[in-house]
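Chemist: Here you go, this is data38.pdb (PDB, C-alpha atoms and all ligand atoms).
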```
ATOM      1  CA  MET M   1     -10.261  27.316  30.639  1.00  0.00           C
ATOM      2  CA  PRO M   2     -13.390  29.321  31.239  1.00  0.00           C
ATOM      3  CA  ILE M   3     -16.928  28.821  30.070  1.00  0.00           C
ATOM      4  CA  SER M   4     -18.763  31.463  28.116  1.00  0.00           C
ATOM      5  CA  VAL M   5     -22.503  31.829  28.648  1.00  0.00           C
ATOM      6  CA  LEU M   6     -25.296  33.121  26.430  1.00  0.00           C
ATOM      7  CA  PRO M   7     -28.965  33.604  27.276  1.00  0.00           C
ATOM      8  CA  ILE M   8     -31.643  32.018  25.090  1.00  0.00           C
ATOM      9  CA  SER M   9     -35.117  33.433  25.733  1.00  0.00           C
ATOM     10  CA  ALA M  10     -37.756  30.718  25.817  1.00  0.00           C
ATOM     11  CA  LEU M  11     -41.495  30.503  26.522  1.00  0.00           C
ATOM     12  CA  SER M  12     -42.775  33.705  28.087  1.00  0.00           C
ATOM     13  CA  ASP M  13     -40.032  34.545  30.575  1.00  0.00           C
ATOM     14  CA  ASN M  14     -37.637  31.584  30.832  1.00  0.00           C
ATOM     15  CA  TYR M  15     -33.935  31.700  30.118  1.00  0.00           C
ATOM     16  CA  VAL M  16     -32.171  28.655  28.762  1.00  0.00           C
ATOM     17  CA  TRP M  17     -28.476  29.282  29.394  1.00  0.00           C
ATOM     18  CA  MET M  18     -26.098  28.071  26.681  1.00  0.00           C
ATOM     19  CA  LEU M  19     -22.592  27.275  27.952  1.00  0.00           C
ATOM     20  CA  THR M  20     -19.480  26.791  25.859  1.00  0.00           C
ATOM     21  CA  ASP M  21     -16.275  25.346  27.258  1.00  0.00           C
ATOM     22  CA  GLU M  22     -13.710  27.547  25.560  1.00  0.00           C
ATOM     23  CA  GLU M  23     -10.930  24.944  25.541  1.00  0.00           C
ATOM     24  CA  THR M  24     -12.811  22.065  23.908  1.00  0.00           C
ATOM     25  CA  GLY M  25     -15.784  23.790  22.281  1.00  0.00           C
ATOM     26  CA  CYS M  26     -18.157  21.503  24.202  1.00  0.00           C
ATOM     27  CA  VAL M  27     -21.625  23.028  24.481  1.00  0.00           C
ATOM     28  CA  GLY M  28     -24.218  22.634  27.192  1.00  0.00           C
ATOM     29  CA  VAL M  29     -27.641  24.061  27.919  1.00  0.00           C
ATOM     30  CA  VAL M  30     -29.342  24.506  31.261  1.00  0.00           C
ATOM     31  CA  ASP M  31     -33.100  23.845  31.541  1.00  0.00           C
ATOM     32  CA  PRO M  32     -34.245  23.734  27.908  1.00  0.00           C
ATOM     33  CA  GLY M  33     -37.982  24.308  28.251  1.00  0.00           C
ATOM     34  CA  GLU M  34     -38.649  25.021  24.593  1.00  0.00           C
ATOM     35  CA  CYS M  35     -37.046  23.500  21.504  1.00  0.00           C
ATOM     36  CA  ALA M  36     -37.130  26.060  18.677  1.00  0.00           C
ATOM     37  CA  PRO M  37     -35.123  28.913  20.219  1.00  0.00           C
ATOM     38  CA  VAL M  38     -32.566  26.481  21.643  1.00  0.00           C
ATOM     39  CA  ARG M  39     -32.108  24.744  18.296  1.00  0.00           C
ATOM     40  CA  ALA M  40     -31.704  28.084  16.567  1.00  0.00           C
ATOM     41  CA  ALA M  41     -28.993  29.107  19.040  1.00  0.00           C
ATOM     42  CA  ILE M  42     -27.204  25.759  18.726  1.00  0.00           C
ATOM     43  CA  GLU M  43     -27.312  25.814  14.926  1.00  0.00           C
ATOM     44  CA  ALA M  44     -26.007  29.393  14.899  1.00  0.00           C
ATOM     45  CA  GLN M  45     -23.012  28.168  16.863  1.00  0.00           C
ATOM     46  CA  GLY M  46     -22.134  25.156  14.732  1.00  0.00           C
ATOM     47  CA  GLY M  47     -24.753  22.544  15.614  1.00  0.00           C
ATOM     48  CA  ARG M  48     -23.159  20.955  18.638  1.00  0.00           C
ATOM     49  CA  LEU M  49     -24.775  20.040  21.962  1.00  0.00           C
ATOM     50  CA  ASP M  50     -22.974  17.778  24.413  1.00  0.00           C
ATOM     51  CA  VAL M  51     -24.696  18.184  27.757  1.00  0.00           C
ATOM     52  CA  ILE M  52     -28.162  19.120  29.031  1.00  0.00           C
ATOM     53  CA  LEU M  53     -28.210  20.172  32.692  1.00  0.00           C
ATOM     54  CA  LEU M  54     -31.564  20.104  34.468  1.00  0.00           C
ATOM     55  CA  THR M  55     -32.282  21.901  37.759  1.00  0.00           C
ATOM     56  CA  HIS M  56     -35.797  20.558  38.416  1.00  0.00           C
ATOM     57  CA  HIS M  57     -38.704  18.717  36.865  1.00  0.00           C
ATOM     58  CA  HIS M  58     -41.098  21.527  35.876  1.00  0.00           C
ATOM     59  CA  ALA M  59     -42.144  21.464  32.218  1.00  0.00           C
ATOM     60  CA  ASP M  60     -40.787  24.952  31.507  1.00  0.00           C
ATOM     61  CA  HIS M  61     -37.307  23.620  32.387  1.00  0.00           C
ATOM     62  CA  ILE M  62     -37.292  20.149  30.795  1.00  0.00           C
ATOM     63  CA  GLY M  63     -39.770  20.387  27.881  1.00  0.00           C
ATOM     64  CA  ALA M  64     -37.209  20.136  25.071  1.00  0.00           C
ATOM     65  CA  ALA M  65     -34.601  17.936  26.773  1.00  0.00           C
ATOM     66  CA  GLU M  66     -35.463  14.627  25.111  1.00  0.00           C
ATOM     67  CA  THR M  67     -35.948  16.137  21.639  1.00  0.00           C
ATOM     68  CA  LEU M  68     -32.570  17.855  21.905  1.00  0.00           C
ATOM     69  CA  ARG M  69     -30.908  14.656  23.113  1.00  0.00           C
ATOM     70  CA  GLU M  70     -32.260  12.757  20.117  1.00  0.00           C
ATOM     71  CA  ARG M  71     -31.248  15.474  17.695  1.00  0.00           C
ATOM     72  CA  TYR M  72     -27.713  16.151  18.979  1.00  0.00           C
ATOM     73  CA  GLY M  73     -26.778  13.123  21.071  1.00  0.00           C
ATOM     74  CA  ALA M  74     -26.415  15.235  24.210  1.00  0.00           C
ATOM     75  CA  LYS M  75     -26.333  13.611  27.642  1.00  0.00           C
ATOM     76  CA  ILE M  76     -29.056  14.599  30.097  1.00  0.00           C
ATOM     77  CA  ILE M  77     -27.920  15.238  33.668  1.00  0.00           C
ATOM     78  CA  GLY M  78     -30.318  15.793  36.563  1.00  0.00           C
ATOM     79  CA  ALA M  79     -31.041  15.085  40.200  1.00  0.00           C
ATOM     80  CA  ALA M  80     -30.958  11.455  41.303  1.00  0.00           C
ATOM     81  CA  ALA M  81     -33.563  12.319  43.932  1.00  0.00           C
ATOM     82  CA  ASP M  82     -35.988  13.396  41.205  1.00  0.00           C
ATOM     83  CA  ALA M  83     -35.122  10.818  38.546  1.00  0.00           C
ATOM     84  CA  LYS M  84     -38.712   9.543  38.406  1.00  0.00           C
ATOM     85  CA  ARG M  85     -40.090  12.937  37.389  1.00  0.00           C
ATOM     86  CA  LEU M  86     -37.296  13.886  34.974  1.00  0.00           C
ATOM     87  CA  PRO M  87     -36.675  12.572  31.455  1.00  0.00           C
ATOM     88  CA  PRO M  88     -34.623   9.341  31.580  1.00  0.00           C
ATOM     89  CA  LEU M  89     -31.254  10.569  32.854  1.00  0.00           C
ATOM     90  CA  ASP M  90     -27.918   9.659  31.314  1.00  0.00           C
ATOM     91  CA  ARG M  91     -26.401  10.691  34.603  1.00  0.00           C
ATOM     92  CA  ALA M  92     -28.156  11.109  37.952  1.00  0.00           C
ATOM     93  CA  VAL M  93     -26.303  13.409  40.363  1.00  0.00           C
ATOM     94  CA  ARG M  94     -26.352  14.347  44.036  1.00  0.00           C
ATOM     95  CA  ALA M  95     -24.916  17.125  46.189  1.00  0.00           C
ATOM     96  CA  GLY M  96     -21.134  17.181  45.936  1.00  0.00           C
ATOM     97  CA  ASP M  97     -20.974  15.405  42.573  1.00  0.00           C
ATOM     98  CA  GLU M  98     -18.946  16.967  39.789  1.00  0.00           C
ATOM     99  CA  VAL M  99     -20.189  17.410  36.248  1.00  0.00           C
ATOM    100  CA  MET M 100     -17.869  18.045  33.294  1.00  0.00           C
ATOM    101  CA  LEU M 101     -18.517  20.224  30.276  1.00  0.00           C
ATOM    102  CA  GLY M 102     -15.417  19.470  28.243  1.00  0.00           C
ATOM    103  CA  SER M 103     -12.574  20.654  30.461  1.00  0.00           C
ATOM    104  CA  SER M 104     -14.840  22.772  32.694  1.00  0.00           C
ATOM    105  CA  LYS M 105     -16.096  21.365  35.940  1.00  0.00           C
ATOM    106  CA  ALA M 106     -19.301  22.113  37.844  1.00  0.00           C
ATOM    107  CA  LEU M 107     -20.206  21.229  41.391  1.00  0.00           C
ATOM    108  CA  VAL M 108     -23.747  20.027  42.144  1.00  0.00           C
ATOM    109  CA  LEU M 109     -25.565  21.696  45.052  1.00  0.00           C
ATOM    110  CA  GLU M 110     -28.862  20.456  46.473  1.00  0.00           C
ATOM    111  CA  THR M 111     -31.332  23.330  46.777  1.00  0.00           C
ATOM    112  CA  PRO M 112     -34.793  22.058  47.797  1.00  0.00           C
ATOM    113  CA  GLY M 113     -37.639  24.507  48.344  1.00  0.00           C
ATOM    114  CA  HIS M 114     -39.247  25.360  45.000  1.00  0.00           C
ATOM    115  CA  THR M 115     -39.365  21.600  44.455  1.00  0.00           C
ATOM    116  CA  ILE M 116     -37.980  18.880  46.704  1.00  0.00           C
ATOM    117  CA  GLY M 117     -35.459  17.579  44.175  1.00  0.00           C
ATOM    118  CA  HIS M 118     -34.164  20.947  42.950  1.00  0.00           C
ATOM    119  CA  ILE M 119     -30.401  21.208  42.326  1.00  0.00           C
ATOM    120  CA  ALA M 120     -28.013  23.946  41.178  1.00  0.00           C
ATOM    121  CA  TYR M 121     -24.723  23.840  39.269  1.00  0.00           C
ATOM    122  CA  TYR M 122     -21.650  25.919  40.137  1.00  0.00           C
ATOM    123  CA  PHE M 123     -18.754  26.400  37.690  1.00  0.00           C
ATOM    124  CA  ASN M 124     -15.707  28.138  39.144  1.00  0.00           C
ATOM    125  CA  GLU M 125     -14.139  29.606  36.009  1.00  0.00           C
ATOM    126  CA  PRO M 126     -15.485  32.191  35.982  1.00  0.00           C
ATOM    127  CA  PRO M 127     -17.564  31.722  39.150  1.00  0.00           C
ATOM    128  CA  SER M 128     -21.026  31.001  37.718  1.00  0.00           C
ATOM    129  CA  LEU M 129     -24.119  29.670  39.460  1.00  0.00           C
ATOM    130  CA  PHE M 130     -27.001  28.111  37.528  1.00  0.00           C
ATOM    131  CA  CYS M 131     -29.721  28.076  40.146  1.00  0.00           C
ATOM    132  CA  GLY M 132     -32.945  27.437  38.205  1.00  0.00           C
ATOM    133  CA  ASP M 133     -35.941  28.524  40.265  1.00  0.00           C
ATOM    134  CA  THR M 134     -34.173  28.637  43.657  1.00  0.00           C
ATOM    135  CA  MET M 135     -32.748  32.155  43.659  1.00  0.00           C
ATOM    136  CA  PHE M 136     -34.006  34.862  41.333  1.00  0.00           C
ATOM    137  CA  SER M 137     -32.533  38.304  41.115  1.00  0.00           C
ATOM    138  CA  LEU M 138     -34.251  40.147  44.006  1.00  0.00           C
ATOM    139  CA  GLY M 139     -36.468  37.137  44.684  1.00  0.00           C
ATOM    140  CA  CYS M 140     -36.701  33.398  45.203  1.00  0.00           C
ATOM    141  CA  GLY M 141     -38.785  30.570  43.787  1.00  0.00           C
ATOM    142  CA  ARG M 142     -42.290  29.867  45.002  1.00  0.00           C
ATOM    143  CA  LEU M 143     -42.525  27.135  47.616  1.00  0.00           C
ATOM    144  CA  PHE M 144     -44.488  24.565  45.608  1.00  0.00           C
ATOM    145  CA  GLU M 145     -43.148  21.586  47.553  1.00  0.00           C
ATOM    146  CA  GLY M 146     -40.608  22.664  50.139  1.00  0.00           C
ATOM    147  CA  THR M 147     -40.769  24.637  53.374  1.00  0.00           C
ATOM    148  CA  PRO M 148     -39.429  28.090  54.220  1.00  0.00           C
ATOM    149  CA  GLU M 149     -36.737  26.298  56.250  1.00  0.00           C
ATOM    150  CA  GLN M 150     -35.598  24.375  53.170  1.00  0.00           C
ATOM    151  CA  MET M 151     -35.552  27.481  50.959  1.00  0.00           C
ATOM    152  CA  PHE M 152     -33.663  29.400  53.655  1.00  0.00           C
ATOM    153  CA  LYS M 153     -31.045  26.658  53.788  1.00  0.00           C
ATOM    154  CA  SER M 154     -30.873  26.435  50.002  1.00  0.00           C
ATOM    155  CA  LEU M 155     -30.306  30.179  49.555  1.00  0.00           C
ATOM    156  CA  HIS M 156     -27.561  29.948  52.190  1.00  0.00           C
ATOM    157  CA  ALA M 157     -26.009  26.940  50.462  1.00  0.00           C
ATOM    158  CA  PHE M 158     -24.495  29.645  48.236  1.00  0.00           C
ATOM    159  CA  ASP M 159     -22.870  31.484  51.174  1.00  0.00           C
ATOM    160  CA  ALA M 160     -19.464  29.911  50.585  1.00  0.00           C
ATOM    161  CA  LEU M 161     -19.385  31.053  46.946  1.00  0.00           C
ATOM    162  CA  PRO M 162     -17.503  34.248  46.078  1.00  0.00           C
ATOM    163  CA  ASP M 163     -19.160  37.658  45.825  1.00  0.00           C
ATOM    164  CA  GLU M 164     -18.305  37.939  42.143  1.00  0.00           C
ATOM    165  CA  THR M 165     -20.230  34.754  41.288  1.00  0.00           C
ATOM    166  CA  ARG M 166     -22.500  35.378  38.321  1.00  0.00           C
ATOM    167  CA  VAL M 167     -26.033  34.275  39.072  1.00  0.00           C
ATOM    168  CA  TYR M 168     -27.903  32.714  36.150  1.00  0.00           C
ATOM    169  CA  CYS M 169     -31.550  32.252  37.139  1.00  0.00           C
ATOM    170  CA  GLY M 170     -34.312  30.413  35.313  1.00  0.00           C
ATOM    171  CA  HIS M 171     -36.620  33.374  34.737  1.00  0.00           C
ATOM    172  CA  GLU M 172     -36.694  37.066  33.902  1.00  0.00           C
ATOM    173  CA  TYR M 173     -38.728  38.048  36.957  1.00  0.00           C
ATOM    174  CA  THR M 174     -36.494  40.887  38.110  1.00  0.00           C
ATOM    175  CA  THR M 175     -38.777  43.835  37.348  1.00  0.00           C
ATOM    176  CA  SER M 176     -41.678  42.558  39.452  1.00  0.00           C
ATOM    177  CA  ASN M 177     -39.262  41.271  42.103  1.00  0.00           C
ATOM    178  CA  ALA M 178     -37.745  44.763  42.320  1.00  0.00           C
ATOM    179  CA  ARG M 179     -41.166  46.295  42.982  1.00  0.00           C
ATOM    180  CA  PHE M 180     -41.778  43.915  45.871  1.00  0.00           C
ATOM    181  CA  ALA M 181     -38.244  44.281  47.236  1.00  0.00           C
ATOM    182  CA  LEU M 182     -38.503  48.083  47.237  1.00  0.00           C
ATOM    183  CA  ALA M 183     -41.845  47.870  49.052  1.00  0.00           C
ATOM    184  CA  VAL M 184     -40.392  45.785  51.896  1.00  0.00           C
ATOM    185  CA  ASP M 185     -36.933  47.449  52.037  1.00  0.00           C
ATOM    186  CA  PRO M 186     -37.487  51.024  50.838  1.00  0.00           C
ATOM    187  CA  ASP M 187     -34.338  52.546  52.382  1.00  0.00           C
ATOM    188  CA  ASN M 188     -31.824  50.104  50.857  1.00  0.00           C
ATOM    189  CA  THR M 189     -29.558  52.232  48.636  1.00  0.00           C
ATOM    190  CA  ALA M 190     -27.944  49.262  46.874  1.00  0.00           C
ATOM    191  CA  LEU M 191     -31.426  47.934  46.073  1.00  0.00           C
ATOM    192  CA  LYS M 192     -32.546  51.286  44.684  1.00  0.00           C
ATOM    193  CA  GLU M 193     -29.480  51.339  42.425  1.00  0.00           C
ATOM    194  CA  ARG M 194     -30.069  47.751  41.270  1.00  0.00           C
ATOM    195  CA  ALA M 195     -33.750  48.529  40.548  1.00  0.00           C
ATOM    196  CA  GLU M 196     -32.661  51.502  38.448  1.00  0.00           C
ATOM    197  CA  GLU M 197     -30.124  49.360  36.571  1.00  0.00           C
ATOM    198  CA  VAL M 198     -32.770  46.682  35.917  1.00  0.00           C
ATOM    199  CA  SER M 199     -35.250  49.204  34.616  1.00  0.00           C
ATOM    200  CA  ASN M 200     -32.614  50.608  32.223  1.00  0.00           C
ATOM    201  CA  LEU M 201     -31.631  47.138  30.977  1.00  0.00           C
ATOM    202  CA  ARG M 202     -35.229  46.050  30.440  1.00  0.00           C
ATOM    203  CA  ALA M 203     -36.122  49.317  28.688  1.00  0.00           C
ATOM    204  CA  ARG M 204     -33.374  48.469  26.180  1.00  0.00           C
ATOM    205  CA  GLY M 205     -34.709  44.921  25.787  1.00  0.00           C
ATOM    206  CA  LEU M 206     -31.699  43.406  27.569  1.00  0.00           C
ATOM    207  CA  PRO M 207     -31.738  40.640  30.208  1.00  0.00           C
ATOM    208  CA  SER M 208     -31.379  41.718  33.845  1.00  0.00           C
ATOM    209  CA  LEU M 209     -29.224  38.603  34.280  1.00  0.00           C
ATOM    210  CA  PRO M 210     -26.749  37.429  35.202  1.00  0.00           C
ATOM    211  CA  SER M 211     -26.816  39.116  38.558  1.00  0.00           C
ATOM    212  CA  THR M 212     -23.998  38.590  41.051  1.00  0.00           C
ATOM    213  CA  LEU M 213     -24.024  37.075  44.517  1.00  0.00           C
ATOM    214  CA  ALA M 214     -22.660  40.391  45.850  1.00  0.00           C
ATOM    215  CA  SER M 215     -25.693  42.175  44.428  1.00  0.00           C
ATOM    216  CA  GLU M 216     -28.160  39.596  45.765  1.00  0.00           C
ATOM    217  CA  ARG M 217     -26.499  39.692  49.189  1.00  0.00           C
ATOM    218  CA  ALA M 218     -26.920  43.459  49.252  1.00  0.00           C
ATOM    219  CA  CYS M 219     -30.368  43.731  47.658  1.00  0.00           C
ATOM    220  CA  ASN M 220     -32.430  40.520  47.717  1.00  0.00           C
ATOM    221  CA  PRO M 221     -34.895  40.500  50.647  1.00  0.00           C
ATOM    222  CA  PHE M 222     -35.144  36.688  50.600  1.00  0.00           C
ATOM    223  CA  VAL M 223     -31.360  36.286  50.807  1.00  0.00           C
ATOM    224  CA  ARG M 224     -31.227  39.003  53.480  1.00  0.00           C
ATOM    225  CA  ALA M 225     -33.973  37.448  55.634  1.00  0.00           C
ATOM    226  CA  ASP M 226     -32.474  36.598  59.041  1.00  0.00           C
ATOM    227  CA  THR M 227     -34.630  33.560  59.739  1.00  0.00           C
ATOM    228  CA  PRO M 228     -36.709  30.959  57.885  1.00  0.00           C
ATOM    229  CA  GLU M 229     -39.790  32.524  59.505  1.00  0.00           C
ATOM    230  CA  GLU M 230     -39.006  35.901  57.992  1.00  0.00           C
ATOM    231  CA  LEU M 231     -38.375  34.293  54.602  1.00  0.00           C
ATOM    232  CA  GLY M 232     -41.699  32.432  54.877  1.00  0.00           C
ATOM    233  CA  ARG M 233     -43.538  35.652  55.753  1.00  0.00           C
ATOM    234  CA  LEU M 234     -41.998  37.468  52.755  1.00  0.00           C
ATOM    235  CA  ARG M 235     -42.804  34.553  50.457  1.00  0.00           C
ATOM    236  CA  ARG M 236     -46.482  34.556  51.569  1.00  0.00           C
ATOM    237  CA  GLU M 237     -46.720  38.345  51.165  1.00  0.00           C
ATOM    238  CA  LYS M 238     -45.255  38.137  47.691  1.00  0.00           C
ATOM    239  CA  ASP M 239     -47.608  35.318  46.663  1.00  0.00           C
ATOM    240  CA  LEU M 240     -50.514  37.620  47.555  1.00  0.00           C
ATOM    241  CA  ALA M 241     -49.030  40.761  45.998  1.00  0.00           C
TER     242      ALA M 241
HETATM  243 ZN    ZN D   1     -40.121  25.689  38.380  1.00  0.00          ZN
HETATM  244 FE    FE D   2     -39.693  27.774  36.113  1.00  0.00          FE
END
```
Output the file's structure as structure tokens, nothing else.

Modeler:
Amino acid sequence: MPISVLPISALSDNYVWMLTDEETGCVGVVDPGECAPVRAAIEAQGGRLDVILLTHHHADHIGAAETLRERYGAKIIGAAADAKRLPPLDRAVRAGDEVMLGSSKALVLETPGHTIGHIAYYFNEPPSLFCGDTMFSLGCGRLFEGTPEQMFKSLHAFDALPDETRVYCGHEYTTSNARFALAVDPDNTALKERAEEVSNLRARGLPSLPSTLASERACNPFVRADTPEELGRLRREKDLA
């Protein structure tokens, strides 16, 4: 049975993704950085929260995790490698581990770069990638701890996933990412079309996410970079932009 996914806007530009396993009704959230909007969404759906999935230790991704656990009895799952900087974990996971949300299963991928302990979660029905601050639509996370080589490898850790994979990122950064992407890749027709689509969605107050891996493969300059050096150069240029 598939999962269904809803965006919850939190803080200034974070998304907390709310997942429901359609067979069992189990509910999960990814990266709850702020309590009030997440509680409102959970209450609106019947007041159930089973699992909290964390991608990395930054406050805008974990801020409400412990409060929500206390309130709903949810289990907190996060990276074993980062257990010291995360809220006390009910389950510490590594690359290749499987995580259940009711009858739906996610695979854990290690994606260092933004932080050293960053992980992502991939559900295959429908193909859905929760990648935190590793990949953004038309961008990638800032290299706070990792190297360009690590980010390059992490973005390519998604290469085996299908084109139709929905990409659920941690932030609504797509508009500014599109500006930068168009500046470095002005002749990319797919990118121009995606930028147009994003500007229409945002003008209507709608999220630009999820994206798809097909779209990122065609449009995202960081995913399209041929080498870690090129990715590092783009990342430095963008930090200064
Ligand atoms: Zn972060
Ligand atoms: Fe973040």

Chemist: Around ligand ZN 1 (chain D), out to 12 Å and counting only C-alpha atoms and all ligand atoms, which residues are there? I want them as a PyMOL selection string.

Modeler: chain M and resi 13-15+31+33+54-63+112-119+131-136+140-145+169-171

Chemist: Taking all atoms listed in the file into account, which of M:Glu70, M:Glu229, M:Glu34, M:Glu196 comes nearest ligand FE 2 (chain D)?

Modeler: M:Glu34

Chemist: Near M:Glu22, within 8 Å and counting all atoms listed in the file, which residues show up once chain neighbours fewer than 4 positions away are dropped, as a PyMOL selection string?

Modeler: chain M and resi 1-4+26

Chemist: Would you export the selected residues with C-alpha atoms as a PDB file, keeping the file's coordinate frame, please?

Modeler:
```pdb
ATOM      1  CA  MET M   1     -10.261  27.316  30.639  1.00  0.00           C
ATOM      2  CA  PRO M   2     -13.390  29.321  31.239  1.00  0.00           C
ATOM      3  CA  ILE M   3     -16.928  28.821  30.070  1.00  0.00           C
ATOM      4  CA  SER M   4     -18.763  31.463  28.116  1.00  0.00           C
ATOM      5  CA  CYS M  26     -18.157  21.503  24.202  1.00  0.00           C
TER       6      CYS M  26
END
```

Chemist: Figure out the distance between atom CA of M:Asn188 and atom CA of M:Gln150, please, to one decimal in Å.

Modeler: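 It comes out at 26.1 Å.
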
Chemist: Could you list the residues chosen by the PyMOL selection byres (((chain M and resi 228) around 10) and not hetatm) in this structure as a PyMOL selection string?

Modeler: chain M and resi 147-153+222+225-227+229-234

Chemist: Mind working out the centre and edge lengths of an axis-aligned box for stretch 137-149 of chain M, all listed atoms inside, 8 Å added to each side, rounded to one decimal in Å and written as JSON?

Modeler:
```
{"center_x": -38.5, "center_y": 30.9, "center_z": 48.7, "size_x": 28.0, "size_y": 34.6, "size_z": 31.1}
```
